[in-house]
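Student: Sharing a structure with you now.
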Amino acid sequence: DVQIGRLDASGNVIRWQAGTPFSPPRHSHGLIVYQGQVCILGGDPGNATSLADVWCLTRPANGQIGQWTPGPPMPQGRRNMAVAVGPRP
């Protein structure tokens with residue numbers, strides 16, 4: 001499931017609420033937060049296979065929670081990965 005933490009002005013979580021789920025459910029995925037987006041990369045849907053899909057959630061200017069939208073897939077499936085964001089060369 002997807003859980004979203006509501007933050008106070010200091011950045012502390014004040015409550016959790018259910019978010020918009022995406023399919024298929026997964027574990028062992030990568031996650032990055034960059035330029036107002038949260039992106040989930042790959043993972044394992046529970047059958048020891050690796051997913052190559054990418055899903056991103058953008059927070060609209062009104063502060064509401066947006067919808068998961070597909071991003072460009074990775075060249076091959078991955079699970080149990082580390083991800084990082086850095087400047088382009």
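Chain labels A, B, ... are given in the sequence in which chains occur in the structure tokens; within each chain residues are numbered consecutively from 1, and ligands are likewise numbered from 1 in the order shown.
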Near A:Leu31, counting only C-alpha atoms, which residues have an atom at most 9 Å away, once you skip same-chain residues fewer than 6 positions from it, shown as a PyMOL selection string?
Tutor: chain A and resi 38-41+82-84
Student: Output the selection as a compact mmCIF listing (two decimals), in the first residue's frame - all heavy atoms for each residue.
Tutor:
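New file selection_4.txt:
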```
# COMPACT_ATOMS: atom_id res chain seq x y z
N VAL A 38 8.24 12.30 -6.57
CA VAL A 38 8.67 11.05 -5.95
C VAL A 38 8.56 10.00 -7.05
O VAL A 38 7.51 9.87 -7.68
CB VAL A 38 7.75 10.66 -4.78
CG1 VAL A 38 8.14 9.31 -4.21
CG2 VAL A 38 7.78 11.73 -3.70
N CYS A 39 9.65 9.29 -7.31
CA CYS A 39 9.64 8.28 -8.37
C CYS A 39 10.02 6.92 -7.80
O CYS A 39 11.00 6.80 -7.06
CB CYS A 39 10.59 8.64 -9.50
SG CYS A 39 10.11 10.14 -10.38
N ILE A 40 9.24 5.92 -8.15
CA ILE A 40 9.46 4.52 -7.79
C ILE A 40 10.04 3.83 -9.02
O ILE A 40 9.48 3.95 -10.11
CB ILE A 40 8.13 3.84 -7.39
CG1 ILE A 40 7.46 4.56 -6.24
CG2 ILE A 40 8.33 2.36 -7.12
CD1 ILE A 40 8.11 4.39 -4.91
N LEU A 41 11.13 3.09 -8.83
CA LEU A 41 11.78 2.42 -9.95
C LEU A 41 11.81 0.92 -9.71
O LEU A 41 12.30 0.47 -8.66
CB LEU A 41 13.22 2.92 -10.11
CG LEU A 41 13.40 4.39 -10.42
CD1 LEU A 41 13.48 5.22 -9.15
CD2 LEU A 41 14.64 4.59 -11.24
N ALA A 82 20.08 0.47 -5.34
CA ALA A 82 20.27 1.80 -4.77
C ALA A 82 20.16 2.79 -5.93
O ALA A 82 20.57 2.48 -7.05
CB ALA A 82 21.65 1.91 -4.12
N VAL A 83 19.58 3.94 -5.67
CA VAL A 83 19.46 4.96 -6.71
C VAL A 83 19.93 6.30 -6.15
O VAL A 83 19.89 6.53 -4.95
CB VAL A 83 18.01 5.10 -7.25
CG1 VAL A 83 17.60 3.85 -7.99
CG2 VAL A 83 17.03 5.38 -6.13
N ALA A 84 20.41 7.16 -7.04
CA ALA A 84 20.88 8.48 -6.64
C ALA A 84 20.59 9.45 -7.78
O ALA A 84 20.44 9.04 -8.93
CB ALA A 84 22.38 8.46 -6.34
```
Student: List the spatial neighbours of A:Ser23 as a list in words - criterion: any atom at most 12 Å away, only C-alpha atoms, same-chain residues fewer than 2 positions off excluded.
Tutor: Asp1, Val2, Thr20, Pro21, Pro25, Arg26, His27, Ile40, Gly42, Gly43, Asp44, Pro45, Leu51, Asp53, Val54, Trp55, Trp68, Thr69 and Pro70 of chain A
Student: Restricting it to N, CA, C and O atoms, dump the selection as a PDB file, in the first residue's frame.
Tutor:
```pdb
ATOM      1  N   ASP A   1       0.826  -1.185   0.000  1.00  0.00           N
ATOM      2  CA  ASP A   1       0.000   0.000   0.000  1.00  0.00           C
ATOM      3  C   ASP A   1       0.868   1.246   0.000  1.00  0.00           C
ATOM      4  O   ASP A   1       2.049   1.188   0.273  1.00  0.00           O
ATOM      5  N   VAL A   2       0.275   2.363  -0.335  1.00  0.00           N
ATOM      6  CA  VAL A   2       0.971   3.642  -0.371  1.00  0.00           C
ATOM      7  C   VAL A   2       0.446   4.474   0.791  1.00  0.00           C
ATOM      8  O   VAL A   2      -0.757   4.658   0.937  1.00  0.00           O
ATOM      9  N   THR A  20      -2.761   6.935  -3.289  1.00  0.00           N
ATOM     10  CA  THR A  20      -3.220   6.250  -4.489  1.00  0.00           C
ATOM     11  C   THR A  20      -2.302   5.062  -4.766  1.00  0.00           C
ATOM     12  O   THR A  20      -1.112   5.249  -4.985  1.00  0.00           O
ATOM     13  N   PRO A  21      -2.818   3.845  -4.751  1.00  0.00           N
ATOM     14  CA  PRO A  21      -1.960   2.688  -5.026  1.00  0.00           C
ATOM     15  C   PRO A  21      -1.628   2.600  -6.512  1.00  0.00           C
ATOM     16  O   PRO A  21      -2.284   3.218  -7.346  1.00  0.00           O
ATOM     17  N   PRO A  25       1.536  -4.154  -7.196  1.00  0.00           N
ATOM     18  CA  PRO A  25       2.225  -3.888  -5.927  1.00  0.00           C
ATOM     19  C   PRO A  25       3.645  -4.440  -6.012  1.00  0.00           C
ATOM     20  O   PRO A  25       3.911  -5.337  -6.808  1.00  0.00           O
ATOM     21  N   ARG A  26       4.548  -3.915  -5.195  1.00  0.00           N
ATOM     22  CA  ARG A  26       5.943  -4.338  -5.272  1.00  0.00           C
ATOM     23  C   ARG A  26       6.684  -4.135  -3.973  1.00  0.00           C
ATOM     24  O   ARG A  26       6.228  -3.421  -3.088  1.00  0.00           O
ATOM     25  N   HIS A  27       7.823  -4.750  -3.881  1.00  0.00           N
ATOM     26  CA  HIS A  27       8.776  -4.516  -2.797  1.00  0.00           C
ATOM     27  C   HIS A  27      10.161  -4.490  -3.435  1.00  0.00           C
ATOM     28  O   HIS A  27      10.323  -4.759  -4.617  1.00  0.00           O
ATOM     29  N   ILE A  40       9.238   5.916  -8.153  1.00  0.00           N
ATOM     30  CA  ILE A  40       9.464   4.522  -7.790  1.00  0.00           C
ATOM     31  C   ILE A  40      10.036   3.829  -9.019  1.00  0.00           C
ATOM     32  O   ILE A  40       9.480   3.945 -10.109  1.00  0.00           O
ATOM     33  N   GLY A  42      11.303   0.161 -10.666  1.00  0.00           N
ATOM     34  CA  GLY A  42      11.416  -1.291 -10.645  1.00  0.00           C
ATOM     35  C   GLY A  42      10.859  -1.930  -9.392  1.00  0.00           C
ATOM     36  O   GLY A  42       9.859  -1.499  -8.833  1.00  0.00           O
ATOM     37  N   GLY A  43      11.532  -2.986  -8.946  1.00  0.00           N
ATOM     38  CA  GLY A  43      11.119  -3.721  -7.769  1.00  0.00           C
ATOM     39  C   GLY A  43      10.727  -5.148  -8.116  1.00  0.00           C
ATOM     40  O   GLY A  43      10.915  -5.620  -9.244  1.00  0.00           O
ATOM     41  N   ASP A  44      10.187  -5.833  -7.138  1.00  0.00           N
ATOM     42  CA  ASP A  44       9.766  -7.230  -7.267  1.00  0.00           C
ATOM     43  C   ASP A  44       8.280  -7.294  -6.940  1.00  0.00           C
ATOM     44  O   ASP A  44       7.868  -6.913  -5.852  1.00  0.00           O
ATOM     45  N   PRO A  45       7.451  -7.799  -7.873  1.00  0.00           N
ATOM     46  CA  PRO A  45       6.016  -7.862  -7.618  1.00  0.00           C
ATOM     47  C   PRO A  45       5.607  -9.027  -6.727  1.00  0.00           C
ATOM     48  O   PRO A  45       4.426  -9.257  -6.512  1.00  0.00           O
ATOM     49  N   LEU A  51      11.013  -5.835 -12.079  1.00  0.00           N
ATOM     50  CA  LEU A  51      10.237  -4.909 -12.908  1.00  0.00           C
ATOM     51  C   LEU A  51      11.154  -3.828 -13.471  1.00  0.00           C
ATOM     52  O   LEU A  51      12.132  -3.437 -12.832  1.00  0.00           O
ATOM     53  N   ASP A  53       9.609  -0.937 -14.794  1.00  0.00           N
ATOM     54  CA  ASP A  53       8.779   0.267 -14.899  1.00  0.00           C
ATOM     55  C   ASP A  53       9.210   1.354 -13.915  1.00  0.00           C
ATOM     56  O   ASP A  53       9.885   1.105 -12.934  1.00  0.00           O
ATOM     57  N   VAL A  54       8.808   2.571 -14.245  1.00  0.00           N
ATOM     58  CA  VAL A  54       9.080   3.752 -13.421  1.00  0.00           C
ATOM     59  C   VAL A  54       7.756   4.487 -13.258  1.00  0.00           C
ATOM     60  O   VAL A  54       7.032   4.712 -14.234  1.00  0.00           O
ATOM     61  N   TRP A  55       7.430   4.857 -12.019  1.00  0.00           N
ATOM     62  CA  TRP A  55       6.200   5.602 -11.723  1.00  0.00           C
ATOM     63  C   TRP A  55       6.573   6.834 -10.922  1.00  0.00           C
ATOM     64  O   TRP A  55       7.361   6.755  -9.977  1.00  0.00           O
ATOM     65  N   TRP A  68      -0.172   8.848  -9.695  1.00  0.00           N
ATOM     66  CA  TRP A  68       1.010   8.178 -10.218  1.00  0.00           C
ATOM     67  C   TRP A  68       0.925   8.174 -11.739  1.00  0.00           C
ATOM     68  O   TRP A  68      -0.101   7.831 -12.307  1.00  0.00           O
ATOM     69  N   THR A  69       1.999   8.574 -12.397  1.00  0.00           N
ATOM     70  CA  THR A  69       2.055   8.536 -13.848  1.00  0.00           C
ATOM     71  C   THR A  69       3.294   7.757 -14.273  1.00  0.00           C
ATOM     72  O   THR A  69       4.338   7.835 -13.614  1.00  0.00           O
ATOM     73  N   PRO A  70       3.188   6.999 -15.378  1.00  0.00           N
ATOM     74  CA  PRO A  70       4.348   6.215 -15.802  1.00  0.00           C
ATOM     75  C   PRO A  70       5.436   7.105 -16.379  1.00  0.00           C
ATOM     76  O   PRO A  70       5.162   8.102 -17.053  1.00  0.00           O
TER      77      PRO A  70
END
```
Student: Report as a PyMOL selection string: the residues of chain A with a DSSP assignment of strand (DSSP E), based on the backbone of this structure.
Tutor: chain A and resi 3-7+13-18+30-34+37-43+51-58+68-70
Student: Keeping only C-alpha atoms, write the selected residues as an mmCIF file, in the first residue's frame.
Tutor:
```cif
data_model
loop_
_atom_site.group_PDB
_atom_site.id
_atom_site.type_symbol
_atom_site.label_atom_id
_atom_site.label_comp_id
_atom_site.auth_asym_id
_atom_site.auth_seq_id
_atom_site.Cartn_x
_atom_site.Cartn_y
_atom_site.Cartn_z
ATOM 1 C CA GLN A 3 0.980 5.830 2.752
ATOM 2 C CA ILE A 4 1.420 9.603 2.671
ATOM 3 C CA GLY A 5 2.681 11.579 5.640
ATOM 4 C CA ARG A 6 1.209 15.037 6.177
ATOM 5 C CA LEU A 7 3.870 17.446 7.448
ATOM 6 C CA VAL A 13 4.862 14.035 10.140
ATOM 7 C CA ILE A 14 1.587 14.889 11.853
ATOM 8 C CA ARG A 15 -0.549 12.109 10.347
ATOM 9 C CA TRP A 16 -0.521 9.347 7.772
ATOM 10 C CA GLN A 17 -3.193 8.702 5.166
ATOM 11 C CA ALA A 18 -3.694 6.132 2.434
ATOM 12 C CA GLY A 30 14.216 2.052 -5.716
ATOM 13 C CA LEU A 31 12.881 5.486 -4.781
ATOM 14 C CA ILE A 32 14.082 9.002 -5.511
ATOM 15 C CA VAL A 33 12.736 12.436 -4.593
ATOM 16 C CA TYR A 34 13.765 15.117 -7.056
ATOM 17 C CA GLN A 37 8.530 14.407 -7.691
ATOM 18 C CA VAL A 38 8.669 11.051 -5.949
ATOM 19 C CA CYS A 39 9.639 8.275 -8.369
ATOM 20 C CA ILE A 40 9.464 4.522 -7.790
ATOM 21 C CA LEU A 41 11.777 2.419 -9.954
ATOM 22 C CA GLY A 42 11.416 -1.291 -10.645
ATOM 23 C CA GLY A 43 11.119 -3.721 -7.769
ATOM 24 C CA LEU A 51 10.237 -4.909 -12.908
ATOM 25 C CA ALA A 52 11.605 -2.254 -15.291
ATOM 26 C CA ASP A 53 8.779 0.267 -14.899
ATOM 27 C CA VAL A 54 9.080 3.752 -13.421
ATOM 28 C CA TRP A 55 6.200 5.602 -11.723
ATOM 29 C CA CYS A 56 6.306 9.231 -10.591
ATOM 30 C CA LEU A 57 4.046 11.238 -8.309
ATOM 31 C CA THR A 58 4.075 15.028 -8.662
ATOM 32 C CA TRP A 68 1.010 8.178 -10.218
ATOM 33 C CA THR A 69 2.055 8.536 -13.848
ATOM 34 C CA PRO A 70 4.348 6.215 -15.802
#
```
Student: So what do you get for atom CA of A:Asp8 versus atom CA of A:Val85, distance-wise?
Tutor: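 So the two atoms, atom CA of A:Asp8 and atom CA of A:Val85, lie 26.1 Å apart.
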